Amino acid sequence: MVQYLLITANVGSLFEPDARLHNSWVKTVADQVNGVDPSFFVIHLQETGGKKFTECSKQVPIIINHLANALPKFDLLRAYVDIDYEAVEYTALGALCFIKRSLWSSVSQFNFHTKKYEQLTSPTEVVTEGLENYPYVIKHKFPKDFWPSIKWGRKGYMQTRWKIANKVFDFVNAHLFHDESNLAPIHDNPTLYSENRKRALDFVLSELSAMENGCTPMLFVFGDLNFRLDSRSFLNRLTESTNPHSVEQEQMGSLADGLQAQNGNLQVAAHPSENLRRTVSAIEFRRDSDSDDSQNSCVLRIEKKKFDYFNHKKLLDDWKSYRDDDKEAESFKSMFEMNINFPPTYPWSEDPENSETLMKTRAPAWCDRVLMNKAAFSFVKDGEPAYKSFGMETCTGDHKPVMLAFNI
């Protein structure tokens, strides 16, 4: 019997100058791995190097080494981590594969240049630069024209392919677009962000399909897919018996606001300082009350990067009540997932002293997922699968890791 373990972890919060979360994160992951005791273990990382990647990317090889030392049962490590932040195709993604010696003879790795499988020889291989042309990895940032209106970040995907006991596995680490603003799905297009995530993942699936050449591997897409709750149905649950109130602010108009058309030509307005526009800076959902005390009657206040519910502990404790609002995965008819029976994986507190609470920055969501094609799903569901998040008792950053374990 071969025990497999797949983990996805957004590690952006780990990379700070003081590296204060490194030890607890490594111990949390290692404890989980040792508890499962797999023969083949893959962990996908997103946001390696964190937000301060120019300063903290040098920590990435260090934390890989610490994790390897914490997993002495594994004899082979393949680590591909994109920390070359000056490269055009920089994605900050990582794929680490740990294999026990007992499985070496049954495992081969696909060379995407020669289109052939190769036996494993050296026990350790850690690659952090030049992954664009590395033969055992496919790595791409999503095309700019997917979303030309936003600041281009590091979102993309990374693929490795393995043959284990004559079965082909594709492991794809995907980091899809996040919600830029909490207000946009309410005031603008409710599906603005989810549509762009779908475009990105459809692109990945299309690229993978084009290289199958008649062979359909067992495909596992696990990463930070940034799936969010259906805003309309979720807010209806939270704000029953309340009324929405827009909190507006006046802002100075931009140069474009100060331009006027005159005889077909643009002219600068005489007093551009008078060109003010009102913008919604927040929405408050308030209980009906005779009192004008909006602070006490406010159930939920939403700003661009704030989601302040009146009882955040209740919001976390009642996660089962809004599981049905997690609908985004249903858009991908060719992909399947084990039943989710764990709390939202985002946004958890980044404070080690207060790690068991959600931050008031975003609505809770199951961002971190393991999706499978039909072949992989059929394979997994017969292998006593366990699908869960972990690290609830410690600080793992703003995301909780998610794991899928199964055996054959």
# chains A, B, ... in the order shown; residues from 1 in each chain; ligands from 1
$ residues_around --residues "His312 (chain A)" --least-positions-apart "4" --cutoff "10 Å" --atoms "only C-alpha atoms" --output "VMD selection string"
chain A and resid 307 to 308 316 to 318 357 to 360
$ residues_around --residues "Ser281 (chain A)" --least-positions-apart "4" --cutoff "12 Å" --atoms "only C-alpha atoms" --output "VMD selection string"
chain A and resid 181 to 184 187 245 to 251 301 to 306
$ write_last_selection --atoms "N, CA and C atoms" --output "short mmCIF file (atom, residue, chain, number, x, y, z; two decimals), in the first residue's frame"
data_model
loop_
_atom_site.label_atom_id
_atom_site.label_comp_id
_atom_site.auth_asym_id
_atom_site.auth_seq_id
_atom_site.Cartn_x
_atom_site.Cartn_y
_atom_site.Cartn_z
N SER A 181 -11.23 44.34 -3.66
CA SER A 181 -12.02 45.18 -2.76
C SER A 181 -13.25 44.42 -2.30
N ASN A 182 -13.61 44.60 -1.03
CA ASN A 182 -14.84 44.00 -0.51
C ASN A 182 -16.09 44.68 -1.06
N LEU A 183 -15.93 45.91 -1.52
CA LEU A 183 -17.09 46.69 -1.96
C LEU A 183 -17.50 46.37 -3.39
N ALA A 184 -16.55 45.98 -4.23
CA ALA A 184 -16.84 45.80 -5.66
C ALA A 184 -17.96 44.78 -5.92
N HIS A 187 -21.31 46.77 -5.06
CA HIS A 187 -21.70 47.95 -5.84
C HIS A 187 -21.52 47.77 -7.34
N HIS A 245 -26.71 51.02 4.61
CA HIS A 245 -26.49 52.46 4.57
C HIS A 245 -25.12 52.72 3.96
N SER A 246 -25.10 53.48 2.88
CA SER A 246 -23.82 53.82 2.26
C SER A 246 -23.18 54.97 3.02
N VAL A 247 -21.90 54.80 3.30
CA VAL A 247 -21.12 55.86 3.93
C VAL A 247 -20.28 56.49 2.84
N GLU A 248 -20.61 57.73 2.48
CA GLU A 248 -19.94 58.36 1.35
C GLU A 248 -18.94 59.39 1.83
N GLN A 249 -17.97 59.64 0.97
CA GLN A 249 -17.01 60.70 1.24
C GLN A 249 -16.78 61.47 -0.03
N GLU A 250 -16.48 62.75 0.13
CA GLU A 250 -16.18 63.58 -1.03
C GLU A 250 -14.69 63.52 -1.31
N GLN A 251 -14.36 63.33 -2.58
CA GLN A 251 -12.97 63.30 -2.98
C GLN A 251 -12.74 64.34 -4.06
N ARG A 301 -20.04 46.20 9.00
CA ARG A 301 -19.48 47.34 8.25
C ARG A 301 -18.45 46.78 7.27
N ILE A 302 -18.64 47.15 6.01
CA ILE A 302 -17.75 46.68 4.95
C ILE A 302 -17.06 47.87 4.31
N GLU A 303 -15.73 47.80 4.27
CA GLU A 303 -14.92 48.77 3.55
C GLU A 303 -14.09 48.01 2.52
N LYS A 304 -13.25 48.73 1.80
CA LYS A 304 -12.47 48.08 0.75
C LYS A 304 -11.70 46.89 1.29
N LYS A 305 -11.05 47.08 2.44
CA LYS A 305 -10.27 46.00 3.03
C LYS A 305 -10.65 45.80 4.49
N LYS A 306 -11.96 45.89 4.75
CA LYS A 306 -12.44 45.68 6.11
C LYS A 306 -13.78 44.95 6.06
#
$ closest_residue --among "A:Asn339, A:Asn243, A:Thr345, A:Gln3" --to "Ser297 (chain A)" --atoms "only C-alpha atoms"
A:Asn243
$ residues_around --residues "Thr191 (chain A)" --least-positions-apart "4" --cutoff "10 Å" --atoms "only C-alpha atoms" --output "list in words"
Ala184, Pro185, Ile186, Glu195, Asn196, Arg197, Asp230, Ser231 and Glu328 of chain A
$ write_last_selection --atoms "N, CA and C atoms" --output "compact mmCIF listing (two decimals), in the first residue's frame"
# COMPACT_ATOMS: atom_id res chain seq x y z
N ALA A 184 -16.55 45.98 -4.23
CA ALA A 184 -16.84 45.80 -5.66
C ALA A 184 -17.96 44.78 -5.92
N PRO A 185 -17.97 43.62 -5.26
CA PRO A 185 -19.05 42.66 -5.54
C PRO A 185 -20.42 43.15 -5.11
N ILE A 186 -20.46 44.20 -4.29
CA ILE A 186 -21.75 44.73 -3.83
C ILE A 186 -22.22 45.84 -4.75
N GLU A 195 -15.20 35.71 -12.07
CA GLU A 195 -15.10 35.51 -13.51
C GLU A 195 -13.63 35.50 -13.95
N ASN A 196 -12.83 36.35 -13.34
CA ASN A 196 -11.41 36.37 -13.70
C ASN A 196 -10.67 35.17 -13.15
N ARG A 197 -11.10 34.68 -11.99
CA ARG A 197 -10.52 33.43 -11.49
C ARG A 197 -10.87 32.27 -12.41
N ASP A 230 -20.36 33.43 -2.27
CA ASP A 230 -21.32 34.20 -3.05
C ASP A 230 -21.77 35.38 -2.18
N SER A 231 -21.40 36.59 -2.59
CA SER A 231 -21.60 37.75 -1.71
C SER A 231 -23.07 38.01 -1.42
N GLU A 328 -18.14 28.67 -5.82
CA GLU A 328 -17.29 28.99 -6.97
C GLU A 328 -16.72 27.76 -7.65
$ residues_around --residues "region 101-106 of chain A" --least-positions-apart "5" --cutoff "10 Å" --atoms "only C-alpha atoms" --output "ChimeraX atom specification"
/A:2,39-40,73-76,119-121,123,163-167
$ atom_distance --atom1 "CA of Asn341 (chain A)" --atom2 "CA of Ala405 (chain A)"
14.4 Å
$ closest_residue --among "A:Asn407, A:Ser24, A:Ser57, A:Ser233" --to "Lys327 (chain A)" --atoms "only C-alpha atoms"
A:Ser233
$ select_by_dssp --residues "region 67-271 of chain A" --states "strand (DSSP E)" --output "number ranges by chain"
A: 76-81, 94-99, 107-111, 116-119, 124-127, 138-141, 156-164, 167-175, 218-224, 242-252, 259-262, 265-268
$ write_last_selection --atoms "C-alpha atoms" --output "short mmCIF file (atom, residue, chain, number, x, y, z; two decimals), in the first residue's frame"
data_model
loop_
_atom_site.label_atom_id
_atom_site.label_comp_id
_atom_site.auth_asym_id
_atom_site.auth_seq_id
_atom_site.Cartn_x
_atom_site.Cartn_y
_atom_site.Cartn_z
CA LEU A 76 14.58 12.10 -1.42
CA LEU A 77 13.61 15.74 -1.89
CA ARG A 78 12.76 17.63 -5.05
CA ALA A 79 12.14 21.32 -4.37
CA TYR A 80 11.28 23.87 -7.05
CA VAL A 81 10.70 27.33 -5.64
CA GLY A 94 6.89 26.45 -4.86
CA ALA A 95 6.51 22.67 -5.18
CA LEU A 96 8.29 20.36 -2.74
CA CYS A 97 8.16 16.59 -3.18
CA PHE A 98 9.37 14.18 -0.48
CA ILE A 99 9.74 10.46 -1.28
CA VAL A 107 8.80 6.54 -9.16
CA SER A 108 9.99 8.40 -12.23
CA GLN A 109 9.81 12.09 -13.09
CA PHE A 110 8.68 13.61 -16.37
CA ASN A 111 11.15 15.65 -18.40
CA LYS A 116 10.31 11.14 -21.32
CA TYR A 117 10.20 9.81 -17.77
CA GLU A 118 13.47 9.54 -15.89
CA GLN A 119 14.46 7.51 -12.87
CA THR A 124 18.30 16.13 -2.97
CA GLU A 125 17.62 18.75 -5.59
CA VAL A 126 16.63 22.32 -4.69
CA VAL A 127 16.14 24.76 -7.58
CA ILE A 138 6.35 24.10 -16.19
CA LYS A 139 5.79 27.54 -14.67
CA HIS A 140 3.84 30.49 -16.03
CA LYS A 141 2.44 33.76 -14.83
CA GLY A 156 0.21 31.93 -12.03
CA TYR A 157 0.73 28.19 -11.92
CA MET A 158 3.46 25.55 -11.64
CA GLN A 159 3.25 21.94 -12.83
CA THR A 160 5.23 18.78 -12.16
CA ARG A 161 4.43 15.30 -13.54
CA TRP A 162 5.25 11.94 -11.98
CA LYS A 163 4.79 8.29 -12.78
CA ILE A 164 4.23 6.16 -9.69
CA LYS A 167 0.17 5.65 -12.94
CA VAL A 168 0.69 9.22 -14.16
CA PHE A 169 0.08 12.13 -11.76
CA ASP A 170 -0.01 15.80 -12.67
CA PHE A 171 0.43 18.09 -9.65
CA VAL A 172 -0.44 21.71 -10.40
CA ASN A 173 0.11 24.57 -7.96
CA ALA A 174 -2.27 27.40 -8.86
CA HIS A 175 -2.55 30.84 -7.31
CA MET A 218 -4.62 11.95 -12.82
CA LEU A 219 -4.72 15.70 -12.33
CA PHE A 220 -4.55 17.39 -8.93
CA VAL A 221 -4.84 21.18 -8.81
CA PHE A 222 -4.08 22.33 -5.29
CA GLY A 223 -3.17 25.83 -4.25
CA ASP A 224 -4.61 29.15 -3.18
CA THR A 242 -31.10 45.15 8.71
CA ASN A 243 -30.96 48.02 6.24
CA PRO A 244 -27.87 48.95 4.22
CA HIS A 245 -26.49 52.46 4.57
CA SER A 246 -23.82 53.82 2.26
CA VAL A 247 -21.12 55.86 3.93
CA GLU A 248 -19.94 58.36 1.35
CA GLN A 249 -17.01 60.70 1.24
CA GLU A 250 -16.18 63.58 -1.03
CA GLN A 251 -12.97 63.30 -2.98
CA MET A 252 -11.18 65.83 -5.13
CA LEU A 259 -11.86 68.30 -18.23
CA GLN A 260 -14.85 69.62 -20.15
CA ALA A 261 -15.80 69.14 -23.77
CA GLN A 262 -16.16 72.40 -25.70
CA ASN A 265 -12.18 69.82 -27.82
CA LEU A 266 -11.26 69.05 -24.20
CA GLN A 267 -10.76 72.11 -22.03
CA VAL A 268 -9.54 72.32 -18.42
#
$ atom_distance --atom1 "CA of Arg369 (chain A)" --atom2 "CA of Pro401 (chain A)"
9.2 Å
$ residues_around --residues "Lys198 (chain A)" --least-positions-apart "5" --cutoff "9 Å" --atoms "only C-alpha atoms" --output "VMD selection string"
chain A and resid 176 193 203 328 331 to 332
$ residues_around --residues "Ser241 (chain A)" --least-positions-apart "3" --cutoff "12 Å" --atoms "only C-alpha atoms" --output "ChimeraX atom specification"
/A:235-238,244,285-289,297-299
$ write_last_selection --atoms "N, CA and C atoms" --output "tab-separated table (two decimals), in the first residue's frame"
chain	number	residue	atom	x	y	z
A	235	LEU	N	-24.31	37.64	2.42
A	235	LEU	CA	-24.72	38.85	3.12
A	235	LEU	C	-26.18	38.80	3.55
A	236	ASN	N	-27.00	38.16	2.74
A	236	ASN	CA	-28.40	38.01	3.14
A	236	ASN	C	-28.53	37.22	4.43
A	237	ARG	N	-27.66	36.23	4.61
A	237	ARG	CA	-27.69	35.45	5.84
A	237	ARG	C	-27.28	36.29	7.05
A	238	LEU	N	-26.22	37.07	6.86
A	238	LEU	CA	-25.66	37.81	7.98
A	238	LEU	C	-26.47	39.04	8.35
A	244	PRO	N	-29.20	48.46	4.61
A	244	PRO	CA	-27.87	48.95	4.22
A	244	PRO	C	-27.82	50.46	4.17
A	285	PHE	N	-24.61	47.80	7.56
A	285	PHE	CA	-25.90	47.14	7.69
A	285	PHE	C	-26.36	47.33	9.13
A	286	ARG	N	-27.44	48.11	9.30
A	286	ARG	CA	-27.89	48.49	10.64
A	286	ARG	C	-29.25	47.90	10.94
A	287	ARG	N	-29.44	47.53	12.19
A	287	ARG	CA	-30.75	47.06	12.64
A	287	ARG	C	-31.73	48.22	12.64
A	288	ASP	N	-32.99	47.91	12.38
A	288	ASP	CA	-34.03	48.94	12.48
A	288	ASP	C	-34.12	49.40	13.93
A	289	SER	N	-34.08	50.70	14.12
A	289	SER	CA	-34.10	51.22	15.48
A	289	SER	C	-34.60	52.65	15.45
A	297	SER	N	-26.28	50.00	16.48
A	297	SER	CA	-27.22	49.26	15.65
A	297	SER	C	-26.52	48.58	14.46
A	298	CYS	N	-25.22	48.84	14.28
A	298	CYS	CA	-24.51	48.31	13.12
A	298	CYS	C	-24.16	46.84	13.33
A	299	VAL	N	-24.63	45.99	12.41
A	299	VAL	CA	-24.35	44.56	12.45
A	299	VAL	C	-23.08	44.24	11.66
$ select_by_dssp --residues "region 284-318 of chain A" --states "helix (DSSP H, G or I)" --output "list in words"
Ser294, Gln295, Asn296, Ser297, His312, Lys313, Lys314, Leu315, Leu316 and Asp317 of chain A
$ write_last_selection --atoms "all heavy atoms" --output "PDB file, in the first residue's frame"
ATOM      1  N   SER A 294     -25.985  54.850  15.303  1.00  0.00           N
ATOM      2  CA  SER A 294     -25.661  53.866  14.264  1.00  0.00           C
ATOM      3  C   SER A 294     -24.596  52.894  14.721  1.00  0.00           C
ATOM      4  O   SER A 294     -24.526  51.767  14.243  1.00  0.00           O
ATOM      5  CB  SER A 294     -25.198  54.586  12.993  1.00  0.00           C
ATOM      6  OG  SER A 294     -24.027  55.339  13.246  1.00  0.00           O
ATOM      7  N   GLN A 295     -23.740  53.327  15.654  1.00  0.00           N
ATOM      8  CA  GLN A 295     -22.664  52.446  16.104  1.00  0.00           C
ATOM      9  C   GLN A 295     -23.222  51.207  16.809  1.00  0.00           C
ATOM     10  O   GLN A 295     -22.758  50.094  16.595  1.00  0.00           O
ATOM     11  CB  GLN A 295     -21.721  53.203  17.042  1.00  0.00           C
ATOM     12  CG  GLN A 295     -20.513  52.358  17.488  1.00  0.00           C
ATOM     13  CD  GLN A 295     -19.534  53.165  18.298  1.00  0.00           C
ATOM     14  OE1 GLN A 295     -19.691  54.376  18.445  1.00  0.00           O
ATOM     15  NE2 GLN A 295     -18.525  52.516  18.839  1.00  0.00           N
ATOM     16  N   ASN A 296     -24.220  51.407  17.642  1.00  0.00           N
ATOM     17  CA  ASN A 296     -24.796  50.289  18.383  1.00  0.00           C
ATOM     18  C   ASN A 296     -25.721  49.439  17.525  1.00  0.00           C
ATOM     19  O   ASN A 296     -25.948  48.265  17.819  1.00  0.00           O
ATOM     20  CB  ASN A 296     -25.555  50.791  19.612  1.00  0.00           C
ATOM     21  CG  ASN A 296     -24.608  51.337  20.677  1.00  0.00           C
ATOM     22  OD1 ASN A 296     -23.462  50.913  20.756  1.00  0.00           O
ATOM     23  ND2 ASN A 296     -25.093  52.288  21.473  1.00  0.00           N
ATOM     24  N   SER A 297     -26.284  50.004  16.484  1.00  0.00           N
ATOM     25  CA  SER A 297     -27.216  49.256  15.649  1.00  0.00           C
ATOM     26  C   SER A 297     -26.522  48.581  14.463  1.00  0.00           C
ATOM     27  O   SER A 297     -27.154  47.826  13.726  1.00  0.00           O
ATOM     28  CB  SER A 297     -28.321  50.183  15.133  1.00  0.00           C
ATOM     29  OG  SER A 297     -27.775  51.160  14.244  1.00  0.00           O
ATOM     30  N   HIS A 312     -17.470  38.514  15.733  1.00  0.00           N
ATOM     31  CA  HIS A 312     -16.567  37.775  14.848  1.00  0.00           C
ATOM     32  C   HIS A 312     -16.362  36.337  15.311  1.00  0.00           C
ATOM     33  O   HIS A 312     -16.099  35.449  14.496  1.00  0.00           O
ATOM     34  CB  HIS A 312     -15.232  38.507  14.729  1.00  0.00           C
ATOM     35  CG  HIS A 312     -14.824  38.746  13.307  1.00  0.00           C
ATOM     36  ND1 HIS A 312     -15.586  39.484  12.431  1.00  0.00           N
ATOM     37  CD2 HIS A 312     -13.754  38.320  12.589  1.00  0.00           C
ATOM     38  CE1 HIS A 312     -14.993  39.521  11.261  1.00  0.00           C
ATOM     39  NE2 HIS A 312     -13.890  38.815  11.319  1.00  0.00           N
ATOM     40  N   LYS A 313     -16.465  36.100  16.621  1.00  0.00           N
ATOM     41  CA  LYS A 313     -16.344  34.730  17.125  1.00  0.00           C
ATOM     42  C   LYS A 313     -17.508  33.885  16.625  1.00  0.00           C
ATOM     43  O   LYS A 313     -17.332  32.737  16.208  1.00  0.00           O
ATOM     44  CB  LYS A 313     -16.300  34.719  18.651  1.00  0.00           C
ATOM     45  CG  LYS A 313     -16.097  33.323  19.245  1.00  0.00           C
ATOM     46  CD  LYS A 313     -16.029  33.365  20.758  1.00  0.00           C
ATOM     47  CE  LYS A 313     -15.701  31.976  21.324  1.00  0.00           C
ATOM     48  NZ  LYS A 313     -16.674  30.943  20.915  1.00  0.00           N
ATOM     49  N   LYS A 314     -18.692  34.454  16.653  1.00  0.00           N
ATOM     50  CA  LYS A 314     -19.878  33.748  16.146  1.00  0.00           C
ATOM     51  C   LYS A 314     -19.741  33.470  14.651  1.00  0.00           C
ATOM     52  O   LYS A 314     -20.129  32.406  14.167  1.00  0.00           O
ATOM     53  CB  LYS A 314     -21.135  34.576  16.418  1.00  0.00           C
ATOM     54  CG  LYS A 314     -22.446  33.915  15.989  1.00  0.00           C
ATOM     55  CD  LYS A 314     -23.623  34.795  16.364  1.00  0.00           C
ATOM     56  CE  LYS A 314     -24.942  34.096  16.063  1.00  0.00           C
ATOM     57  NZ  LYS A 314     -25.140  33.824  14.634  1.00  0.00           N
ATOM     58  N   LEU A 315     -19.168  34.418  13.939  1.00  0.00           N
ATOM     59  CA  LEU A 315     -18.974  34.250  12.501  1.00  0.00           C
ATOM     60  C   LEU A 315     -18.117  33.022  12.210  1.00  0.00           C
ATOM     61  O   LEU A 315     -18.387  32.261  11.279  1.00  0.00           O
ATOM     62  CB  LEU A 315     -18.314  35.502  11.923  1.00  0.00           C
ATOM     63  CG  LEU A 315     -18.110  35.556  10.412  1.00  0.00           C
ATOM     64  CD1 LEU A 315     -19.437  35.559   9.683  1.00  0.00           C
ATOM     65  CD2 LEU A 315     -17.292  36.783  10.033  1.00  0.00           C
ATOM     66  N   LEU A 316     -17.083  32.810  13.017  1.00  0.00           N
ATOM     67  CA  LEU A 316     -16.230  31.641  12.842  1.00  0.00           C
ATOM     68  C   LEU A 316     -16.913  30.369  13.337  1.00  0.00           C
ATOM     69  O   LEU A 316     -16.900  29.342  12.654  1.00  0.00           O
ATOM     70  CB  LEU A 316     -14.905  31.852  13.584  1.00  0.00           C
ATOM     71  CG  LEU A 316     -13.913  30.688  13.566  1.00  0.00           C
ATOM     72  CD1 LEU A 316     -13.565  30.294  12.138  1.00  0.00           C
ATOM     73  CD2 LEU A 316     -12.647  31.045  14.342  1.00  0.00           C
ATOM     74  N   ASP A 317     -17.523  30.441  14.504  1.00  0.00           N
ATOM     75  CA  ASP A 317     -18.149  29.255  15.083  1.00  0.00           C
ATOM     76  C   ASP A 317     -19.299  28.727  14.224  1.00  0.00           C
ATOM     77  O   ASP A 317     -19.554  27.515  14.197  1.00  0.00           O
ATOM     78  CB  ASP A 317     -18.673  29.556  16.492  1.00  0.00           C
ATOM     79  CG  ASP A 317     -17.553  29.798  17.495  1.00  0.00           C
ATOM     80  OD1 ASP A 317     -16.402  29.437  17.182  1.00  0.00           O
ATOM     81  OD2 ASP A 317     -17.829  30.370  18.569  1.00  0.00           O
TER      82      ASP A 317
END
$ atom_distance --atom1 "CA of Gly383 (chain A)" --atom2 "CA of Met338 (chain A)"
12.0 Å
$ residues_around --residues "Phe342 (chain A)" --least-positions-apart "2" --cutoff "12 Å" --atoms "only C-alpha atoms" --output "list in words"
Leu316, Asp317, Asp318, Trp319, Lys320, Arg323, Met338, Asn339, Ile340, Pro344, Thr345, Tyr346, Ala365, Trp366, Asp368, Arg369, Ala386, Tyr387, Lys388, Ser389, Phe390, Gly391, Met392, Lys400, Pro401, Val402 and Met403 of chain A
$ closest_residue --among "A:Asn23, A:Gln32, A:Ser194, A:Thr396" --to "Leu6 (chain A)" --atoms "only C-alpha atoms"
A:Gln32
